[in-house]
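J.: Data: my_file-v1.csv, CSV, C-alpha atoms and all ligand atoms.
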chain,number,residue,atom,x,y,z
A,12,MET,CA,91.8,32.1,3.3
A,13,GLN,CA,89.6,29.2,2.2
A,14,ILE,CA,90.8,25.7,2.7
A,15,LEU,CA,89.3,22.3,2.3
A,16,GLY,CA,89.1,20.7,5.7
A,17,VAL,CA,88.6,16.9,6.0
A,18,ASP,CA,88.0,14.7,9.0
A,19,ILE,CA,88.9,11.1,8.4
A,20,GLY,CA,87.0,9.0,10.8
A,21,GLY,CA,86.5,5.3,11.5
A,22,SER,CA,83.0,5.4,9.9
A,23,GLY,CA,82.9,8.5,7.8
A,24,ILE,CA,85.2,10.8,5.8
A,25,LYS,CA,83.7,14.3,6.0
A,26,GLY,CA,84.8,17.5,4.3
A,27,ALA,CA,83.9,21.1,3.7
A,28,ILE,CA,85.5,24.3,2.6
A,29,VAL,CA,86.3,26.4,5.6
A,30,ASP,CA,86.9,30.1,5.9
A,31,THR,CA,89.9,30.1,8.2
A,32,SER,CA,89.5,33.7,9.4
A,33,THR,CA,86.1,32.9,10.9
A,34,GLY,CA,86.1,29.1,11.3
A,35,ARG,CA,82.8,28.9,9.4
A,36,LEU,CA,82.0,26.3,6.8
A,37,VAL,CA,81.4,28.0,3.5
A,38,THR,CA,79.9,24.9,1.9
A,39,GLU,CA,77.7,22.1,3.0
A,40,ARG,CA,79.5,19.2,4.6
A,41,GLN,CA,80.0,16.2,2.4
A,42,ARG,CA,80.3,12.8,4.0
A,43,ILE,CA,81.5,9.6,2.3
A,44,ALA,CA,81.4,6.3,4.3
A,45,THR,CA,84.9,5.2,5.3
A,46,PRO,CA,85.8,2.3,2.9
A,47,GLN,CA,86.2,-1.1,4.7
A,48,PRO,CA,89.0,-2.1,4.9
A,49,ALA,CA,90.2,1.4,5.3
A,50,THR,CA,93.5,0.8,3.4
A,51,PRO,CA,95.8,3.7,2.4
A,52,ASP,CA,94.7,3.5,-1.3
A,53,ALA,CA,91.0,3.2,-0.5
A,54,VAL,CA,91.1,6.2,1.8
A,55,ALA,CA,93.2,8.2,-0.7
A,56,ASP,CA,90.6,7.4,-3.3
A,57,VAL,CA,87.8,8.8,-1.1
A,58,LEU,CA,89.8,12.0,-0.6
A,59,ALA,CA,90.2,12.3,-4.3
A,60,GLN,CA,86.4,12.0,-4.6
A,61,LEU,CA,85.9,14.7,-2.0
A,62,VAL,CA,88.3,17.0,-3.8
A,63,GLY,CA,86.4,16.3,-7.0
A,64,HIS,CA,83.1,17.0,-5.3
A,65,PHE,CA,84.2,20.5,-4.3
A,66,HIS,CA,86.1,21.1,-7.6
A,67,TRP,CA,89.0,22.0,-5.3
A,68,SER,CA,92.6,22.7,-6.3
A,69,GLY,CA,93.9,24.5,-3.2
A,70,PRO,CA,95.5,23.2,0.1
A,71,VAL,CA,93.8,20.4,2.0
A,72,GLY,CA,94.0,19.8,5.8
A,73,CYS,CA,93.2,16.3,7.0
A,74,GLY,CA,92.5,15.2,10.5
A,75,PHE,CA,93.6,11.6,10.6
A,76,PRO,CA,92.7,9.1,13.3
A,77,ALA,CA,96.2,8.1,14.4
A,78,ALA,CA,99.4,9.7,15.7
A,79,VAL,CA,100.8,11.6,12.7
A,80,HIS,CA,104.5,12.5,13.0
A,81,HIS,CA,105.7,14.9,10.3
A,82,GLY,CA,103.2,13.7,7.8
A,83,VAL,CA,103.8,10.0,8.6
A,84,ALA,CA,101.1,7.8,10.2
A,85,ARG,CA,102.6,6.0,13.2
A,86,THR,CA,99.6,4.1,14.7
A,87,ALA,CA,96.4,2.6,13.3
A,88,ALA,CA,93.8,1.7,16.0
A,89,ASN,CA,90.7,2.2,13.9
A,90,ILE,CA,92.0,2.1,10.4
A,91,SER,CA,94.0,-0.4,8.4
A,92,PRO,CA,97.4,-1.3,9.9
A,93,ALA,CA,98.8,-0.8,6.4
A,94,PHE,CA,98.9,2.9,7.3
A,95,ILE,CA,101.6,2.5,9.9
A,96,GLY,CA,104.8,4.1,8.5
A,97,ALA,CA,102.9,5.5,5.5
A,98,ASP,CA,103.8,9.1,4.4
A,99,ILE,CA,100.2,10.2,4.2
A,100,ASP,CA,101.1,13.8,3.3
A,101,LYS,CA,102.7,12.4,0.2
A,102,LEU,CA,100.1,9.7,-0.6
A,103,PHE,CA,97.1,12.0,-0.3
A,104,SER,CA,98.8,14.9,-2.1
A,105,GLN,CA,99.6,12.5,-5.0
A,106,ALA,CA,96.0,11.1,-5.1
A,107,THR,CA,94.3,14.5,-5.0
A,108,ASP,CA,96.8,16.7,-6.9
A,109,CYS,CA,96.5,19.1,-4.0
A,110,SER,CA,98.9,19.9,-1.2
A,111,CYS,CA,97.6,17.8,1.7
A,112,PHE,CA,98.6,18.4,5.3
A,113,ASN,CA,97.7,15.7,7.9
A,114,LEU,CA,97.5,15.9,11.7
A,115,ASN,CA,95.9,13.8,14.4
A,116,ASP,CA,92.1,14.2,14.3
A,117,ALA,CA,91.8,15.2,17.9
A,118,ASP,CA,94.6,17.7,17.6
A,119,ALA,CA,92.6,19.2,14.7
A,120,ALA,CA,89.4,19.4,16.7
A,121,GLY,CA,91.4,21.1,19.5
A,122,MET,CA,92.9,23.7,17.3
A,123,ALA,CA,89.4,24.8,16.2
A,124,GLU,CA,87.9,24.8,19.7
A,125,MET,CA,90.9,26.8,21.1
A,126,ARG,CA,90.7,29.4,18.3
A,127,PHE,CA,87.0,29.9,17.8
A,128,GLY,CA,85.1,27.6,20.2
A,129,GLU,CA,84.8,26.7,23.9
A,130,GLY,CA,88.6,27.0,24.5
A,131,ALA,CA,89.0,30.5,23.1
A,132,GLY,CA,90.9,32.7,25.5
A,133,GLN,CA,91.2,29.8,28.0
A,134,THR,CA,94.5,29.7,29.9
A,135,GLY,CA,95.8,26.9,32.0
A,136,VAL,CA,95.4,23.2,31.0
A,137,VAL,CA,92.7,22.3,28.6
A,138,LEU,CA,92.0,18.7,27.6
A,139,LEU,CA,89.8,18.0,24.6
A,140,ILE,CA,88.4,14.5,24.1
A,141,THR,CA,86.7,13.4,20.9
A,142,ILE,CA,84.2,10.6,21.5
A,143,GLY,CA,83.7,8.5,18.4
A,144,THR,CA,85.0,5.2,17.1
A,145,GLY,CA,87.9,5.7,19.4
A,146,LEU,CA,88.7,8.3,22.1
A,147,GLY,CA,90.9,11.0,20.8
A,148,THR,CA,92.7,13.4,23.1
A,149,VAL,CA,94.6,16.7,22.9
A,150,LEU,CA,96.2,18.8,25.6
A,151,PHE,CA,96.8,22.5,25.7
A,152,THR,CA,98.7,24.5,28.2
A,153,ASP,CA,98.1,28.3,28.0
A,154,GLY,CA,96.8,27.7,24.4
A,155,ARG,CA,99.9,25.7,23.2
A,156,LEU,CA,99.1,22.3,21.8
A,157,LEU,CA,101.0,19.1,22.7
A,158,PRO,CA,100.6,16.9,19.6
A,159,ASN,CA,99.8,13.2,19.4
A,160,THR,CA,98.7,12.5,22.9
A,161,GLU,CA,97.2,9.0,22.6
A,162,LEU,CA,95.4,9.0,25.9
A,163,GLY,CA,92.4,7.0,24.6
A,164,HIS,CA,94.9,4.1,24.9
A,165,LEU,CA,95.6,4.7,28.5
A,166,TYR,CA,94.8,1.6,30.7
A,167,LEU,CA,92.2,2.3,33.4
A,168,ALA,CA,92.2,0.7,36.9
A,169,ASN,CA,89.9,-2.0,35.5
A,170,GLY,CA,92.7,-3.2,33.2
A,171,GLN,CA,90.9,-2.0,30.0
A,172,LYS,CA,92.1,0.7,27.6
A,173,GLY,CA,90.0,3.9,27.9
A,174,GLU,CA,88.7,3.6,24.3
A,175,HIS,CA,87.8,-0.1,24.6
A,176,PHE,CA,85.7,0.8,27.7
A,177,ALA,CA,84.1,4.1,27.0
A,178,SER,CA,84.1,5.1,23.3
A,179,ASP,CA,80.9,5.8,21.4
A,180,ALA,CA,81.6,2.6,19.3
A,181,VAL,CA,81.6,0.6,22.6
A,182,ARG,CA,78.3,2.3,23.7
A,183,LYS,CA,76.7,1.2,20.4
A,184,ALA,CA,78.3,-2.3,20.3
A,185,GLU,CA,77.3,-3.2,23.8
A,186,ASP,CA,73.9,-1.4,23.5
A,187,LEU,CA,74.6,0.7,26.6
A,188,GLY,CA,72.1,3.3,27.7
A,189,TRP,CA,73.3,6.9,28.1
A,190,LYS,CA,73.3,6.5,31.9
A,191,SER,CA,75.5,3.4,32.0
A,192,TRP,CA,77.8,4.6,29.3
A,193,GLY,CA,78.0,8.0,31.1
A,194,GLN,CA,79.1,6.2,34.2
A,195,ARG,CA,81.9,4.5,32.3
A,196,PHE,CA,82.9,7.7,30.6
A,197,ASN,CA,83.0,9.4,34.0
A,198,GLN,CA,85.5,6.8,35.2
A,199,TYR,CA,87.7,7.7,32.2
A,200,LEU,CA,87.4,11.4,33.0
A,201,ALA,CA,88.3,10.8,36.6
A,202,THR,CA,91.4,8.9,35.5
A,203,MET,CA,92.3,11.8,33.2
A,204,GLU,CA,91.7,14.3,36.0
A,205,GLY,CA,93.9,12.4,38.4
A,206,LEU,CA,96.8,12.4,36.0
A,207,PHE,CA,96.6,15.8,34.2
A,208,TRP,CA,94.5,18.1,36.4
A,209,PRO,CA,92.9,20.1,33.5
A,210,ASP,CA,91.1,23.3,34.2
A,211,LEU,CA,88.6,22.6,31.5
A,212,ILE,CA,87.6,19.4,29.5
A,213,ILE,CA,86.0,19.9,26.2
A,214,LEU,CA,84.1,17.0,24.6
A,215,GLY,CA,83.9,16.7,20.8
A,216,GLY,CA,83.1,13.9,18.4
A,217,GLY,CA,79.7,12.4,17.6
A,218,ALA,CA,78.6,11.8,21.2
A,219,SER,CA,79.2,15.4,22.2
A,220,LYS,CA,75.9,16.2,20.5
A,221,LYS,CA,74.2,14.1,23.2
A,222,PHE,CA,75.9,15.8,26.2
A,223,ALA,CA,72.6,16.5,27.9
A,224,LYS,CA,71.9,12.7,28.0
A,225,PHE,CA,75.0,11.9,30.1
A,226,GLU,CA,75.9,15.2,31.8
A,227,ALA,CA,74.3,14.0,35.1
A,228,GLN,CA,76.8,11.1,35.3
A,229,ILE,CA,79.8,13.4,35.3
A,230,SER,CA,81.1,14.0,38.8
A,231,ILE,CA,84.7,15.3,38.4
A,232,ASP,CA,85.9,18.7,39.6
A,233,ALA,CA,87.1,20.1,36.3
A,234,GLN,CA,84.6,22.0,34.2
A,235,VAL,CA,83.3,19.8,31.4
A,236,ARG,CA,81.6,21.3,28.4
A,237,PRO,CA,80.6,20.1,24.9
A,238,ALA,CA,82.6,21.5,22.0
A,239,ALA,CA,81.1,24.6,20.4
A,240,PHE,CA,81.7,23.0,17.0
A,241,LEU,CA,80.3,19.6,18.2
A,242,ASN,CA,81.6,17.2,15.7
A,243,GLN,CA,82.6,19.7,13.0
A,244,ALA,CA,85.7,20.9,14.9
A,245,GLY,CA,87.9,18.3,13.1
A,246,ILE,CA,87.1,19.8,9.7
A,247,VAL,CA,87.7,23.4,10.8
A,248,GLY,CA,90.9,22.6,12.7
A,249,ALA,CA,92.3,20.6,9.8
A,250,ALA,CA,91.8,23.6,7.6
A,251,LEU,CA,93.5,25.9,10.2
A,252,PHE,CA,96.5,23.4,10.4
A,253,ALA,CA,96.9,23.5,6.6
A,254,GLU,CA,96.8,27.3,6.6
A,255,GLN,CA,99.5,27.3,9.3
A,256,ARG,CA,101.7,24.9,7.2
A,257,CYS,CA,101.2,27.0,4.0
A,258,GLN,CA,102.1,30.2,5.9
A,259,ALA,CA,105.2,28.6,7.4
A,260,ALA,CA,106.2,27.5,3.9
A,261,GLY,CA,105.7,31.1,2.7
A,262,HIS,CA,102.8,30.3,0.3
B,1,LIG,C1,93.6,6.9,17.8
B,1,LIG,C2,93.9,8.3,17.9
B,1,LIG,C3,92.7,9.1,17.5
B,1,LIG,C4,91.4,8.6,18.2
B,1,LIG,C5,90.1,9.3,17.6
B,1,LIG,C6,92.4,6.5,18.5
B,1,LIG,O1,92.1,5.1,18.4
B,1,LIG,O2,94.7,6.1,18.3
B,1,LIG,O3,95.0,8.7,17.2
B,1,LIG,O4,92.8,10.5,17.7
B,1,LIG,O5,91.3,7.2,18.0
B,1,LIG,O6,90.0,9.0,16.3
Would you mind writing the structure in this file as structure tokens?
T.:
Amino acid sequence: MQILGVDIGGSGIKGAIVDTSTGRLVTERQRIATPQPATPDAVADVLAQLVGHFHWSGPVGCGFPAAVHHGVARTAANISPAFIGADIDKLFSQATDCSCFNLNDADAAGMAEMRFGEGAGQTGVVLLITIGTGLGTVLFTDGRLLPNTELGHLYLANGQKGEHFASDAVRKAEDLGWKSWGQRFNQYLATMEGLFWPDLIILGGGASKKFAKFEAQISIDAQVRPAAFLNQAGIVGAALFAEQRCQAAGH
């Protein structure tokens, strides 16, 4: 099946048509800067532009940077607070004239990695962390996804939220080198390890492309590997989610 997968991020909204049987993108990826402020109408407008760009009329899967509970956005750390309580399945479907299915962006990335990437065939506990504007997290146990874990918001021993201390946006804003940022990120990973004891941690999001630059700072016991899809996992996983939803609805 082919589905338009979209990754809605704090700085860019990216989409491509995905072949859900292989996880491959069948088109080039199209990126549009996230409107500022990223209000519901402004984001819906960008989605409509993406749908127009691909001349698309089928289902759309969207990875959204918040907890998404049955199609409704529940948090808004890096987007407009006007999203809180918004039925984004409905809003985006109306704006695009397509059936849109939303899930948390890290959950989307995790679905792609567990099906086709670094997590394929992996049993036990897998934690995937997306490193971008925020820190997104998703946990799997024996391949089953626990949705909407908001562990980027966990407070560390230094009193700061994980994503306010070690996201890629913080690295850029504070002009940290990869070594000092890597040490911070390692503290975050050590906290996660002490609480969840994952067998494998997969790193996605923009900074995963630079894994070689901070790998030496990581000193936890769990295996840590960059995502096979790097930062395209969100697009692929969003398409997989939409496919799952369409199949469940008997379409
Ligand atoms: C949000 C999460 C999201 C992550 C990555 C966090 O600020 O609360 O829902 O997954 O950023 O975008």
J.: Give me, as CSV, each residue of stretch 13-48 of chain A that comes within 6 Å of stretch 60-84 of chain A, together with its shortest interatomic pair and the distance in Å at one decimal, counting all atoms listed in the file, with rows ordered by chain and rising residue number.
T.:
residue,atom,partner,partner_atom,distance
A:Ile14,CA,A:Pro70,CA,5.9
A:Leu15,CA,A:Val71,CA,4.9
A:Gly16,CA,A:Gly72,CA,5.0
A:Val17,CA,A:Cys73,CA,4.7
A:Asp18,CA,A:Gly74,CA,4.8
A:Ile19,CA,A:Phe75,CA,5.2
J.: Atom CA of A:Pro92 and atom O1 of ligand LIG 1 (chain B) are how many Å apart?
T.: 11.9 Å
J.: Provide the atom CA of A:Val181 to atom CA of A:Gly128 distance in Å, to one decimal place.
T.: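 Atom CA of A:Gly128 lies at a distance of 27.3 Å from atom CA of A:Val181.
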J.: Could you give me, as number ranges by chain, every polymer residue with an atom at most 10 Å away from an atom of ligand LIG 1 (chain B), counting all atoms listed in the file?
T.: A: 18-21, 74-79, 84-90, 114-120, 140-149, 159-164, 173-175, 178, 216
J.: Would you mind reading off the distance between atom CA of A:Ser32 and atom CA of A:Gly245, one decimal, in Å?
T.: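 Atom CA of A:Gly245 lies 15.9 Å from atom CA of A:Ser32.
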J.: I'd like the neighbourhood of A:Val247 as a list in words, where a residue qualifies if any of its atoms comes within 7 Å (using only C-alpha atoms), though same-chain residues fewer than 5 positions away should be ignored.
T.: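 In the requested form, the answer reads Gly16, Val29, Gly34 and Ala123 of chain A.
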J.: Find, counting all atoms listed in the file, the residue in A:Thr50, A:Asn169, A:Gln198, A:Ser22 that gets nearest to A:Ala97.
T.: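 When distances to A:Ala97 are compared using all atoms listed in the file, the smallest one comes from A:Thr50.
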J.: Can you tell me, as a PyMOL selection string, what residues are no more than 12 Å from A:Ala168 when counting all atoms listed in the file, ignoring any on the same chain fewer than 5 positions away?
T.: chain A and resi 173+176+195+198-199+201-203+205
J.: What lies within 6 Å of A:Pro237 using only C-alpha atoms, ignoring chain neighbours under 6 positions off, as a VMD selection string?
T.: chain A and resid 213 to 214 219
J.: Mind writing the picked residues with C-alpha atoms as an mmCIF file, in the frame of the given file?
T.:
data_model
loop_
_atom_site.group_PDB
_atom_site.id
_atom_site.type_symbol
_atom_site.label_atom_id
_atom_site.label_comp_id
_atom_site.auth_asym_id
_atom_site.auth_seq_id
_atom_site.Cartn_x
_atom_site.Cartn_y
_atom_site.Cartn_z
ATOM 1 C CA ILE A 213 86.000 19.900 26.200
ATOM 2 C CA LEU A 214 84.100 17.000 24.600
ATOM 3 C CA SER A 219 79.200 15.400 22.200
#
J.: Nearest to A:Ile229: which of A:Thr107, A:Gln255, A:Gln243, A:Ser191 is it, counting all atoms listed in the file?
T.: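 Of the candidates, the smallest distance to A:Ile229 is held by A:Ser191.
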J.: Nearest to A:Arg42 among A:Ala223, A:Ala239, A:Ile212, A:Val57, with distances taken over all atoms listed in the file: which residue is it?
T.: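 Of A:Ala223, A:Ala239, A:Ile212, A:Val57, the one nearest A:Arg42, counting all atoms listed in the file, is A:Val57.
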J.: I'd like to know which of A:Gly23, A:Gly135, A:Gly215, A:Gly261 is closest to A:Arg40, using all atoms listed in the file.
T.: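 Looking at the shortest contact to A:Arg40, the residue is A:Gly23.
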J.: Have a look at A:Val137, A:Ala184, A:Leu165, A:Val235 and name the one nearest to A:Asn197; count only C-alpha atoms.
T.: A:Val235
J.: Measuring between only C-alpha atoms, which one of A:Gln194, A:Gln171, A:Gln258, A:Thr31 shows the shortest distance to A:Ala227?
T.: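 Smallest separation from A:Ala227 among the options: A:Gln194.
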